[in-house]
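Notes to accompany the following structure.
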Amino acid sequence: MKKTLVAAAILGLGLSAAHAQEVVKIGGAAPLTGTIAHLGKDLENGARLALEEANARGVTIGGKPVKLEFMGEDDQADPRTGTTVAQRLVDAGVKAVVGHLNSGTSIPASRIYHQAGIAQITPASTNPKLTQQKYPGVFRTIANDVQQGSVLGKFAVESLGAKKIAIIDDRTAYGQGLADETEKAAKSAGAQIVAREFTTDKATDFNSILTKIRSANPDVIFFGGMDAQAGPMLRQFKQLGITAKFLSGDGSCSPEMIKLAGDAIGANAYCSMAGLPIEKMPGGADFRARYKKRFNADVQIYSPYAYDAATAIITAMEKAGSAEPSKYLPELKKVNFDGVIGNISFDDKGDLKQGSITVYQFKDGAWVPL
């Protein structure tokens, strides 16, 4: 009797091992603490939702069922922390990474992932230098700053009628990079840059900068940076009696920016997004509903792009029949599918082929696409 029970137990263990799912770890990196944690969490949630939904339908790689496991890390929007986090993800054995949010963390972290041979897809880092490094495993699911800046500069001149423009940036790879591209486009369109000032991504007091700019009497003030600075900056516009139009990029184009600015925001505030409005994304309405149900929160900015980034990774692994980067990377370069944001396919640098830019104006308590 005992021999029979032992044999049965061994057989049971064998069957269990035979049917055990392999775990494939996918990393995520974004600021989960600090002033832009809401954007980082939004990014993480998008990637997490993609993995959860893939697990629910069942993922098979190389004929074997696998379980996708998300490993999220807080890079604190800091370049040094970003490289530490990147190494931690590599050491943990992740097969790919969705992140980072900030260009200033994505660029140094990309070297770590490149050396480890794993893929990095950013849903938010727009600085063109990221993909200009020509690392074969670096991709992005969002338009870059050359595209966005050229639209913003032309919009300021041709649509807002700006002849004199002042520019402020936060000295990050994202903020300064976008400001540089916007300045180029504005000058090409015939505008005069009457001031170029800078702050930091930790600042909250902009009075001295704005006082200096006010004396130049610009028609438009452009800010390259995030919503955590843009909101307080607009409040100080009001305190100083500045009537210039306010223009910024995707880092400020969030619901949180509206909250931070309070009653200082009005119809003179404009921003851009390196993509379509969520209501115009092919899968936007359905994604927003699923996101709301899962996280009991509204989409901020980057979660649809993170969802499609994670989906691209899963798709490449399934087509390659392997979760090993050396096997699935060739398939990742060839992905072509209809995602939440639209068509997902990459050019030879790793940039999204069909990146789009949308400009918004603040109206009736929300960002309204123009």
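By order of appearance in the structure tokens: chains A, B, ..., then residues from 1 within every chain, and ligands from 1 in the order shown.
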
Next item on the list: Can you pull out every residue within 12 Å of range 278-289 of chain A, counting only C-alpha atoms, but drop anything in the same chain fewer than 5 positions away, and send it as number ranges by chain?
Entry: A: 42, 45-46, 49-50, 53, 273, 294-308, 337-344, 356, 358, 367-369

Using only C-alpha atoms, find each residue of range 4-107 of chain A with at least one atom at most 7 Å away from an atom of range 322-334 of chain A; report its shortest atom-to-atom pair and that distance in Å (one decimal), sort the rows by chain and rising residue number, and return the result as CSV.
```
residue,atom,partner,partner_atom,distance
A:Ile61,CA,A:Ser322,CA,5.8
A:Gly62,CA,A:Ser322,CA,5.8
A:Lys95,CA,A:Pro325,CA,6.4
```

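Going from CA of Val146 in chain A to CA of Pro31 in chain A covers 24.2 Å.
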
Check: Near Ala216 in chain A, counting only C-alpha atoms, which residues have an atom at most 9 Å away, once you skip same-chain residues fewer than 2 positions from it, shown as a list in words?
Finding: Lys164, Ala166, Val194, Ala195, Lys212, Ile213, Arg214 and Pro218 of chain A

Just the residues within 8 Å of Ile168 in chain A, please, counting only C-alpha atoms, with nothing from its chain fewer than 6 positions along; format it as a PDB file with all heavy atoms, in the first residue's frame.
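What follows is the written file selection.pdb:
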```pdb
ATOM      1  N   ALA A 179      12.321  71.926 -26.068  1.00  0.00           N
ATOM      2  CA  ALA A 179      12.444  73.377 -26.203  1.00  0.00           C
ATOM      3  C   ALA A 179      13.345  73.742 -27.378  1.00  0.00           C
ATOM      4  O   ALA A 179      13.039  74.675 -28.138  1.00  0.00           O
ATOM      5  CB  ALA A 179      12.982  73.979 -24.909  1.00  0.00           C
ATOM      6  N   ARG A 196      15.339  83.169 -23.402  1.00  0.00           N
ATOM      7  CA  ARG A 196      15.519  81.719 -23.229  1.00  0.00           C
ATOM      8  C   ARG A 196      16.036  81.511 -21.814  1.00  0.00           C
ATOM      9  O   ARG A 196      17.172  81.852 -21.501  1.00  0.00           O
ATOM     10  CB  ARG A 196      16.494  81.167 -24.263  1.00  0.00           C
ATOM     11  CG  ARG A 196      16.752  79.646 -24.166  1.00  0.00           C
ATOM     12  CD  ARG A 196      15.589  78.823 -24.656  1.00  0.00           C
ATOM     13  NE  ARG A 196      15.731  77.424 -24.284  1.00  0.00           N
ATOM     14  CZ  ARG A 196      16.047  76.432 -25.134  1.00  0.00           C
ATOM     15  NH1 ARG A 196      16.294  76.708 -26.403  1.00  0.00           N
ATOM     16  NH2 ARG A 196      16.121  75.194 -24.712  1.00  0.00           N
ATOM     17  N   GLU A 197      15.190  80.972 -20.940  1.00  0.00           N
ATOM     18  CA  GLU A 197      15.514  80.783 -19.531  1.00  0.00           C
ATOM     19  C   GLU A 197      15.416  79.306 -19.176  1.00  0.00           C
ATOM     20  O   GLU A 197      14.813  78.513 -19.902  1.00  0.00           O
ATOM     21  CB  GLU A 197      14.552  81.597 -18.645  1.00  0.00           C
ATOM     22  CG  GLU A 197      14.568  83.092 -18.908  1.00  0.00           C
ATOM     23  CD  GLU A 197      15.858  83.755 -18.444  1.00  0.00           C
ATOM     24  OE1 GLU A 197      16.536  83.176 -17.561  1.00  0.00           O
ATOM     25  OE2 GLU A 197      16.187  84.840 -18.951  1.00  0.00           O
ATOM     26  N   PHE A 198      15.992  78.952 -18.031  1.00  0.00           N
ATOM     27  CA  PHE A 198      15.859  77.565 -17.599  1.00  0.00           C
ATOM     28  C   PHE A 198      15.655  77.481 -16.092  1.00  0.00           C
ATOM     29  O   PHE A 198      16.005  78.380 -15.339  1.00  0.00           O
ATOM     30  CB  PHE A 198      17.070  76.729 -18.023  1.00  0.00           C
ATOM     31  CG  PHE A 198      18.372  77.153 -17.396  1.00  0.00           C
ATOM     32  CD1 PHE A 198      18.790  76.613 -16.192  1.00  0.00           C
ATOM     33  CD2 PHE A 198      19.189  78.087 -18.029  1.00  0.00           C
ATOM     34  CE1 PHE A 198      19.991  76.980 -15.614  1.00  0.00           C
ATOM     35  CE2 PHE A 198      20.398  78.460 -17.458  1.00  0.00           C
ATOM     36  CZ  PHE A 198      20.803  77.910 -16.250  1.00  0.00           C
ATOM     37  N   THR A 199      15.028  76.374 -15.696  1.00  0.00           N
ATOM     38  CA  THR A 199      14.775  76.082 -14.290  1.00  0.00           C
ATOM     39  C   THR A 199      15.190  74.635 -14.052  1.00  0.00           C
ATOM     40  O   THR A 199      16.049  74.115 -14.741  1.00  0.00           O
ATOM     41  CB  THR A 199      13.295  76.351 -13.951  1.00  0.00           C
ATOM     42  OG1 THR A 199      13.058  76.064 -12.573  1.00  0.00           O
ATOM     43  CG2 THR A 199      12.339  75.526 -14.802  1.00  0.00           C
ATOM     44  N   ILE A 221       4.652  82.124 -24.272  1.00  0.00           N
ATOM     45  CA  ILE A 221       5.724  81.561 -23.448  1.00  0.00           C
ATOM     46  C   ILE A 221       5.642  80.048 -23.572  1.00  0.00           C
ATOM     47  O   ILE A 221       4.614  79.446 -23.244  1.00  0.00           O
ATOM     48  CB  ILE A 221       5.607  81.990 -21.974  1.00  0.00           C
ATOM     49  CG1 ILE A 221       5.730  83.507 -21.844  1.00  0.00           C
ATOM     50  CG2 ILE A 221       6.691  81.309 -21.134  1.00  0.00           C
ATOM     51  CD1 ILE A 221       5.511  84.038 -20.438  1.00  0.00           C
ATOM     52  N   PHE A 222       6.707  79.444 -24.064  1.00  0.00           N
ATOM     53  CA  PHE A 222       6.753  77.990 -24.180  1.00  0.00           C
ATOM     54  C   PHE A 222       7.521  77.406 -23.005  1.00  0.00           C
ATOM     55  O   PHE A 222       8.594  77.901 -22.645  1.00  0.00           O
ATOM     56  CB  PHE A 222       7.435  77.553 -25.484  1.00  0.00           C
ATOM     57  CG  PHE A 222       7.620  76.067 -25.561  1.00  0.00           C
ATOM     58  CD1 PHE A 222       6.573  75.253 -25.939  1.00  0.00           C
ATOM     59  CD2 PHE A 222       8.828  75.469 -25.203  1.00  0.00           C
ATOM     60  CE1 PHE A 222       6.723  73.874 -25.970  1.00  0.00           C
ATOM     61  CE2 PHE A 222       8.988  74.100 -25.233  1.00  0.00           C
ATOM     62  CZ  PHE A 222       7.926  73.297 -25.619  1.00  0.00           C
ATOM     63  N   PHE A 223       6.985  76.321 -22.432  1.00  0.00           N
ATOM     64  CA  PHE A 223       7.675  75.630 -21.343  1.00  0.00           C
ATOM     65  C   PHE A 223       7.947  74.187 -21.730  1.00  0.00           C
ATOM     66  O   PHE A 223       7.034  73.430 -22.057  1.00  0.00           O
ATOM     67  CB  PHE A 223       6.849  75.667 -20.058  1.00  0.00           C
ATOM     68  CG  PHE A 223       7.445  74.830 -18.944  1.00  0.00           C
ATOM     69  CD1 PHE A 223       8.715  75.108 -18.457  1.00  0.00           C
ATOM     70  CD2 PHE A 223       6.747  73.761 -18.390  1.00  0.00           C
ATOM     71  CE1 PHE A 223       9.285  74.330 -17.447  1.00  0.00           C
ATOM     72  CE2 PHE A 223       7.297  72.991 -17.375  1.00  0.00           C
ATOM     73  CZ  PHE A 223       8.575  73.272 -16.908  1.00  0.00           C
ATOM     74  N   GLY A 224       9.227  73.792 -21.685  1.00  0.00           N
ATOM     75  CA  GLY A 224       9.618  72.403 -21.894  1.00  0.00           C
ATOM     76  C   GLY A 224       9.831  71.747 -20.544  1.00  0.00           C
ATOM     77  O   GLY A 224      10.840  72.005 -19.884  1.00  0.00           O
TER      78      GLY A 224
END
```

Notebook entry, point to check: Out of range 130-281 of chain A, which residues get helix (DSSP H, G or I) from DSSP, as a VMD selection string?
Noted result: chain A and resid 130 to 132 145 to 159 173 to 188 207 to 214 227 to 240 250 to 252 255 to 264

Next item on the list: Excluding Asn127 in chain A and residues on its chain fewer than 2 positions from it, collect all residues at most 12 Å away from it, counting only C-alpha atoms, and give them as a count of residues only.
Entry: 39

Check: Neighbours of Met233 in chain A within 10 Å (only C-alpha atoms; same-chain residues fewer than 3 positions away dropped), as a VMD selection string?
Finding: chain A and resid 203 to 207 210 223 227 to 230 236 to 239 246 260 to 261 264

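Closest approach to Asp348 in chain A among A:Asp364, A:Gly137, A:Leu276, A:Lys154 is made by A:Gly137 (distances from only C-alpha atoms).
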
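Secondary structure of range 113-215 of chain A, strand (DSSP E) only (DSSP, backbone atoms): A:Ala119, A:Gln120, A:Ile121, A:Thr122, A:Val138, A:Phe139, A:Arg140, A:Lys164, A:Ile165, A:Ala166, A:Ile167, A:Ile168, A:Asp169, A:Gln192, A:Ile193, A:Val194, A:Ala195, A:Arg196, A:Glu197, A:Phe198.
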
Quick one: write out the picked residues with N, CA and C atoms as an mmCIF file, in the first residue's frame?
```cif
data_model
loop_
_atom_site.group_PDB
_atom_site.id
_atom_site.type_symbol
_atom_site.label_atom_id
_atom_site.label_comp_id
_atom_site.auth_asym_id
_atom_site.auth_seq_id
_atom_site.Cartn_x
_atom_site.Cartn_y
_atom_site.Cartn_z
ATOM 1 N N ALA A 119 15.471 43.867 -24.850
ATOM 2 C CA ALA A 119 14.728 44.948 -25.498
ATOM 3 C C ALA A 119 14.208 45.958 -24.477
ATOM 4 N N GLN A 120 14.218 47.210 -24.881
ATOM 5 C CA GLN A 120 13.620 48.299 -24.114
ATOM 6 C C GLN A 120 12.664 49.038 -25.043
ATOM 7 N N ILE A 121 11.396 49.106 -24.654
ATOM 8 C CA ILE A 121 10.437 49.923 -25.410
ATOM 9 C C ILE A 121 9.916 51.010 -24.486
ATOM 10 N N THR A 122 10.169 52.268 -24.835
ATOM 11 C CA THR A 122 9.650 53.357 -24.022
ATOM 12 C C THR A 122 8.326 53.853 -24.594
ATOM 13 N N VAL A 138 16.369 49.001 -28.804
ATOM 14 C CA VAL A 138 15.653 50.170 -28.275
ATOM 15 C C VAL A 138 14.556 50.600 -29.245
ATOM 16 N N PHE A 139 13.337 50.766 -28.699
ATOM 17 C CA PHE A 139 12.171 51.160 -29.495
ATOM 18 C C PHE A 139 11.346 52.177 -28.709
ATOM 19 N N ARG A 140 10.435 52.866 -29.417
ATOM 20 C CA ARG A 140 9.458 53.691 -28.700
ATOM 21 C C ARG A 140 8.107 53.655 -29.417
ATOM 22 N N LYS A 164 6.735 87.258 -31.030
ATOM 23 C CA LYS A 164 7.787 87.205 -30.004
ATOM 24 C C LYS A 164 7.491 86.030 -29.062
ATOM 25 N N ILE A 165 8.478 85.171 -28.888
ATOM 26 C CA ILE A 165 8.297 83.965 -28.066
ATOM 27 C C ILE A 165 9.401 83.887 -27.018
ATOM 28 N N ALA A 166 9.002 83.595 -25.794
ATOM 29 C CA ALA A 166 9.956 83.312 -24.717
ATOM 30 C C ALA A 166 9.924 81.817 -24.435
ATOM 31 N N ILE A 167 11.074 81.248 -24.100
ATOM 32 C CA ILE A 167 11.169 79.800 -23.883
ATOM 33 C C ILE A 167 11.818 79.518 -22.533
ATOM 34 N N ILE A 168 11.187 78.606 -21.801
ATOM 35 C CA ILE A 168 11.725 78.118 -20.524
ATOM 36 C C ILE A 168 11.832 76.606 -20.626
ATOM 37 N N ASP A 169 12.917 76.023 -20.134
ATOM 38 C CA ASP A 169 12.981 74.566 -20.063
ATOM 39 C C ASP A 169 13.548 74.133 -18.720
ATOM 40 N N GLN A 192 10.546 85.734 -33.380
ATOM 41 C CA GLN A 192 11.747 86.168 -32.671
ATOM 42 C C GLN A 192 11.741 85.551 -31.276
ATOM 43 N N ILE A 193 12.844 84.931 -30.862
ATOM 44 C CA ILE A 193 12.952 84.387 -29.510
ATOM 45 C C ILE A 193 13.502 85.508 -28.627
ATOM 46 N N VAL A 194 12.648 86.065 -27.776
ATOM 47 C CA VAL A 194 13.032 87.247 -26.987
ATOM 48 C C VAL A 194 13.641 86.887 -25.645
ATOM 49 N N ALA A 195 13.516 85.627 -25.231
ATOM 50 C CA ALA A 195 14.122 85.181 -23.973
ATOM 51 C C ALA A 195 14.242 83.668 -23.994
ATOM 52 N N ARG A 196 15.339 83.169 -23.402
ATOM 53 C CA ARG A 196 15.519 81.719 -23.229
ATOM 54 C C ARG A 196 16.036 81.511 -21.814
ATOM 55 N N GLU A 197 15.190 80.972 -20.940
ATOM 56 C CA GLU A 197 15.514 80.783 -19.531
ATOM 57 C C GLU A 197 15.416 79.306 -19.176
ATOM 58 N N PHE A 198 15.992 78.952 -18.031
ATOM 59 C CA PHE A 198 15.859 77.565 -17.599
ATOM 60 C C PHE A 198 15.655 77.481 -16.092
#
```

Check: Got a sec: who's within 9 Å of Glu69 in chain A, counting only C-alpha atoms, leaving out chain neighbours fewer than 6 positions off, as a VMD selection string?
Finding: chain A and resid 23 to 27 48 51 to 52

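We find CA of Cys253 in chain A and CA of Val98 in chain A to be spaced 21.3 Å apart.
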
Next item on the list: Find the residue from A:Gly93, A:Pro277, A:Gly99, A:Pro65 that sits nearest to Glu44 in chain A; use only C-alpha atoms when measuring.
Entry: A:Gly99
